[in-house]
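Q: Please find one structure pasted underneath; my questions will follow.
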Amino acid sequence: MTYVYAGQYLRVDLSTGTWEVVPLADEDVRRYLLGSGYAAYLYYREMNPDVEPLDPRSALYVFNGLLSGTFAPTGCRSSWCGRSPLTGIWNEANMGGHWGAELRFAGYDGIVVTGRAAEPVYLWIDGRDGTVTLRPASHLWGLDHFATYEAIGRETDPKAVVACIGPAGEHLVRFAAVVTGGQAHSRTAGRGGMGALMGSKNLKAIAVRGQERPTYHDVATFRQVVKESNQSIKENSLSMSKLGTPGGVIGAEKVGDFPLGNWREGSRPDLAAQISGQRIAETIFVKHTFCFACPIGCGKYVEVKEGPYAGVSGHGPEYETLAGFGGMLLNDDLNSIAALNDLCNRYGMDTISTSSVIAFAFEAYERGLLRREDADGLELTWGNAEAALALVKHIAYREGLGDLLADGVRAAARRLGPEAERFALHVKGLEMPYHDPRAFMSMAVNYATANRGACHMEACAYWEGYGVKVPGLAGALPYEKHDSRGQGRVAAHYQNYVATYNPLGLCKFIIKGLAGPDMTASLVNAALGWGWTAADVFLAGERLFNLKRLINLRLGVTRADDTLPERFLKEPRPAGGAAGVLPDLALMLAEYYDYR
C-alpha cells in the first residue's frame, strides 16, 4: 500500500467520552474511495432508518477525500455526512479551506462521531504527539464562529485548524452549517444542517494540528502531473481567479439562470450589475484568498468602508449568496449583502437555505399569510435588507418568526397552509440553489434526482450550457439547454463524473477549469499507482451515486419524490434569456431511469 491516505479513522462516542482508532481496508478504499464515498459505505452498513437525525444514536461521518492533504490541485476537501436534520435523507456537505489537509497531517482520514456529551465539548486532535482529547466547551457555547476559532487557537495551538458551529448549530437550526477558517477565510460545510447535527451532540468544534505528510507511489510523476494540471486549470480559470464565483452574476442574469423575487421575475440586468463580482472588484475587494493546494484562488476578502454597513470585513459573498440575498430578495445593495454574508458566517448558517426561507417569508407577507405582528414587527417587503438582517439573527436564535423559518421552507409552509406550499421551493426538503432549471433542462432532472435534494453541485451540467467544454465529459451526449430531449441522460452522465470529486477530496471548480476524467485518472494513478482509466472514473462515480440512492430508498424516498416545485414546471419566466421555457420533466425522468 502507499500512504497517500492515512489508512485509519477515529470513532468517537461522546456519550461515554471514549474513542478508538479504526483501520481502513485497502480494498474498501479502492471500491468506495474516501470522503463522502466511504462515509456512505459506512452509513449504509450501520444505518437504522428508525433513528431520527438529531437522536444521539445518529452518527456524523466526517471524511477527507482520497487526495486531501496532497498537493493535487485543490486536494483539501472534507465531506460532512449523515442523515440530514433538514431533509431526513442522505446528506453530504463539503468543506474547503485547510481543515481537511490538517486532519490528514494529524494522521487520520476521518472521524465518526456518535452519542451526545452531557455538557458542551470540543474535540482536540494533536497529531504531533498522537493525543486525542475531549475538552470542555461550556465557556465557548454561545460564541460565534470567529470568536470560537480564535479562542480554541489560544487554548490549543495558534496554528490549529478549527471546524466549529455557531449559535445556529447550538439552537438546532435545521440548515446550520459547520464553518472553518475564521474571519479571514470562512469556508463551510453548508447544506443540509450538519451544524445542527453537531449541536445536537453538544459538540462545539473539532480542532486539528498535524505534522505528518503524505507519501506517494511515484512522487516524480505525481509532481509532473500536478504541474501540468495546475497550468491547465489556471489558464482556463482566469475569470474565476480574478472575480471568483461572483463574476458569474451578470452572465447568469442574461441567460435567465439568476433567481429574482423568489423565482417569479424574468430579468433585472441593472440589479445584477450592482451586486456582481465586477462591482465587488470596483468597491469592496481587498485581496484574493486560497484554499490548501488551490491554483485558482476564487476566495475574495472584502471590506465595507462607508455607509450603514461600514466595518464589515472578511470572506466576501459568493455567487449563491449574492443570488440569494440579492436577486431572491430584489435587493441591489451590495454592502448589505456583505453584511448578511458576514452574519451567516458568524452564526454558522447555509446562505442558500437562509436566503430562501427569507424570500419565502417575503412572499408569504406579500400574500397576507404573514402579518407584521407575525413577523416580529418587521416589514417583509421586497428589497428590505434591514428586515432580512433582522431575520437572520432571529433564525439563528429561533426568536419569533425565526423559530418557524429555522426548520426550512418545507416545514414552514406546512404550518402556514396549502397556499404557502405552492411557493415553498425545495426538492425533498432542501431549498433550491440559485441556478434556474428553466434555463438548463439537464439541471431540472438533476435537481429532481440528486441524492441530497435540490443540489446543483451533484451534476454541474449547467456549465456546458455556458460553453464549458470539459475534455472527456462535455460533448459525450447531445446537449440542448432549452430542449428537454436527451437531457435526462446528460444529467446522469454528469452526476457519475461529479460524484467522484467529494470522495477524491477535489474542488469541483477545477472541472470548470477543464479538469476532465483523463486528468483525474492521471492524478490518482501517479499518487497511488492504481492504473485507472477515464472509464474507471465514471464507473466509481456511478457506484457511489447509486449507493447513496440505496440509502435514500431505505429512508423512504420513492420515484414520486423525484420532482420539482410547480413554479418551475408550470410558470415560465416572463422575460430574459429563458423566457417562456419549461422543462418536460416526465420525458427526462424516463430517459434518466433508462440510462441508470
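Labels for the C-alpha cells follow display order: chains A, B, ..., residues from 1 in each chain, ligands from 1.
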Identify, on the basis of only C-alpha atoms, every residue whose closest approach to segment 421-426 of chain A does not exceed 12 Å; exclude the query and any residue fewer than 6 positions from it along the same chain; express the result as a VMD selection string.
A: chain A and resid 86 to 87 192 259 261 to 264 328 352 to 353 355 to 364 366 to 367 369 405 408 to 415 432 to 434 436 447 to 448 452 to 455 561 to 571
Q: Set out as a tab-separated table a contact list for segment 105-195 of chain A and segment 67-84 of chain A with a cut-off of 8 Å, giving each residue of segment 105-195 of chain A that qualifies its closest atom pair and distance in Å to one decimal, counting only C-alpha atoms, ordered by chain and rising residue number.
A:
residue	atom	partner	partner_atom	distance
A:Phe105	CA	A:Gly69	CA	7.0
A:Ala189	CA	A:Trp80	CA	6.6
A:Gly192	CA	A:Ser84	CA	5.4
A:Gly193	CA	A:Ser84	CA	6.0
A:Met194	CA	A:Trp80	CA	6.8
Q: Any idea what's packed within 9 Å of Ser232 of chain A, counting only C-alpha atoms, ignoring anything in its chain fewer than 6 positions away? Could you give it as a list of chain:residue names?
A: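 With the cut-off at 9 Å, the set is A:Gly513, A:Leu514, A:Ala515.
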Q: With segment 142-161 of chain A as the partner and 9 Å as the cut-off, tabulate the residues of segment 346-461 of chain A that qualify, each row holding the nearest pair of atoms and their distance in Å to one decimal, using only C-alpha atoms, sorted by chain and rising number, as CSV.
A:
residue,atom,partner,partner_atom,distance
A:Arg346,CA,A:His145,CA,4.9
A:Tyr347,CA,A:Asp144,CA,5.5
A:Gly348,CA,A:His145,CA,6.6
Q: I need the alpha helix (DSSP H) residues of segment 165-351 of chain A per DSSP on the backbone, written as a VMD selection string.
A: chain A and resid 167 to 170 194 to 200 219 to 235 238 to 243 249 to 254 269 to 274 277 to 283 319 to 322 334 to 347 351
Q: Got a sec: who's within 6 Å of Ala176 of chain A, counting only C-alpha atoms, leaving out chain neighbours fewer than 5 positions off, as an NGL selection string?
A: :A and (168-169 or 193 or 195-196 or 348-349)
Q: Can you check which parts of segment 102-178 of chain A lie within 8 Å of segment 55-66 of chain A? Per residue, the shortest pair of atoms and distance in Å to one decimal, counting only C-alpha atoms, sorted by chain and number, as JSON lines.
A:
{"residue": "A:Leu103", "atom": "CA", "partner": "A:Asn64", "partner_atom": "CA", "distance": 7.9}
{"residue": "A:Arg104", "atom": "CA", "partner": "A:Asn64", "partner_atom": "CA", "distance": 7.6}
{"residue": "A:Asp109", "atom": "CA", "partner": "A:Asn64", "partner_atom": "CA", "distance": 5.4}
{"residue": "A:Gly110", "atom": "CA", "partner": "A:Phe63", "partner_atom": "CA", "distance": 4.0}
{"residue": "A:Ile111", "atom": "CA", "partner": "A:Val62", "partner_atom": "CA", "distance": 5.1}
{"residue": "A:Val112", "atom": "CA", "partner": "A:Tyr61", "partner_atom": "CA", "distance": 4.7}
{"residue": "A:Val113", "atom": "CA", "partner": "A:Leu60", "partner_atom": "CA", "distance": 5.1}
{"residue": "A:Thr114", "atom": "CA", "partner": "A:Ala59", "partner_atom": "CA", "distance": 4.8}
{"residue": "A:Gly115", "atom": "CA", "partner": "A:Pro56", "partner_atom": "CA", "distance": 4.5}
{"residue": "A:Arg116", "atom": "CA", "partner": "A:Pro56", "partner_atom": "CA", "distance": 5.3}
Q: As an MDAnalysis selection string, which residues of segment 97-242 of chain A does DSSP assign to strand (DSSP E)?
A: chainID A and resid 110:114 121:126 131:136 161:164 178:180 187:189 203:209
Q: For the selection you just gave me, I'd like the residues written to a file as a short mmCIF file (atom, residue, chain, number, x, y, z; two decimals), in the first residue's frame, keeping C-alpha atoms.
A:
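New file again.cif:
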data_model
loop_
_atom_site.label_atom_id
_atom_site.label_comp_id
_atom_site.auth_asym_id
_atom_site.auth_seq_id
_atom_site.Cartn_x
_atom_site.Cartn_y
_atom_site.Cartn_z
CA GLY A 110 -11.85 10.76 9.02
CA ILE A 111 -13.90 10.87 12.20
CA VAL A 112 -17.15 9.13 13.08
CA VAL A 113 -18.99 10.79 15.98
CA THR A 114 -21.87 9.18 17.87
CA VAL A 121 -17.26 19.78 24.42
CA TYR A 122 -14.80 20.17 21.58
CA LEU A 123 -12.56 17.51 20.10
CA TRP A 124 -8.83 18.32 20.00
CA ILE A 125 -6.68 16.11 17.76
CA ASP A 126 -2.96 16.77 18.09
CA THR A 131 -3.22 12.68 21.54
CA VAL A 132 -6.99 12.91 21.15
CA THR A 133 -8.92 14.71 23.88
CA LEU A 134 -12.43 15.92 24.55
CA ARG A 135 -12.24 19.31 26.20
CA PRO A 136 -14.97 21.28 27.99
CA VAL A 161 -7.29 24.50 12.26
CA VAL A 162 -10.80 24.57 13.71
CA ALA A 163 -14.16 23.49 12.30
CA CYS A 164 -17.00 24.65 14.53
CA VAL A 178 -20.11 23.78 10.07
CA VAL A 179 -17.60 26.58 9.44
CA THR A 180 -13.81 26.82 9.34
CA ARG A 187 -15.40 28.04 4.37
CA THR A 188 -18.45 25.97 5.20
CA ALA A 189 -19.91 22.53 5.11
CA LEU A 203 -20.09 19.16 20.03
CA LYS A 204 -18.93 22.74 19.54
CA ALA A 205 -15.86 22.13 17.39
CA ILE A 206 -13.20 19.78 16.07
CA ALA A 207 -9.68 21.25 16.17
CA VAL A 208 -6.71 19.58 14.49
CA ARG A 209 -2.97 20.09 14.25
#
Q: Please measure the separation of atom CA of Gly244 of chain A and atom CA of Ser336 of chain A, giving the value in Å to one decimal.
A: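 Separating atom CA of Gly244 of chain A from atom CA of Ser336 of chain A is a distance of 19.0 Å.
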Q: If you measure from atom CA of Gly324 of chain A to atom CA of Trp463 of chain A, what distance in Å do you get, rounded to one decimal?
A: 19.5 Å
Q: Between A:Thr558, A:Thr221, A:Thr381, A:Thr289, which is the closest to Ser241 of chain A once you count only C-alpha atoms?
A: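 Smallest separation from Ser241 of chain A among the options: A:Thr289.
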Q: Which residue out of A:Ala137, A:Leu582, A:Ala406, A:Leu539 has the minimum interatomic distance to Lys481 of chain A when only C-alpha atoms are used?
A: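 Checking each of A:Ala137, A:Leu582, A:Ala406, A:Leu539 against Lys481 of chain A, counting only C-alpha atoms, the winner is A:Leu582.
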Q: Considering only C-alpha atoms, can you say which of A:Tyr595, A:Phe290, A:Phe538, A:Tyr462 comes closest to Thr520 of chain A?
A: A:Phe538
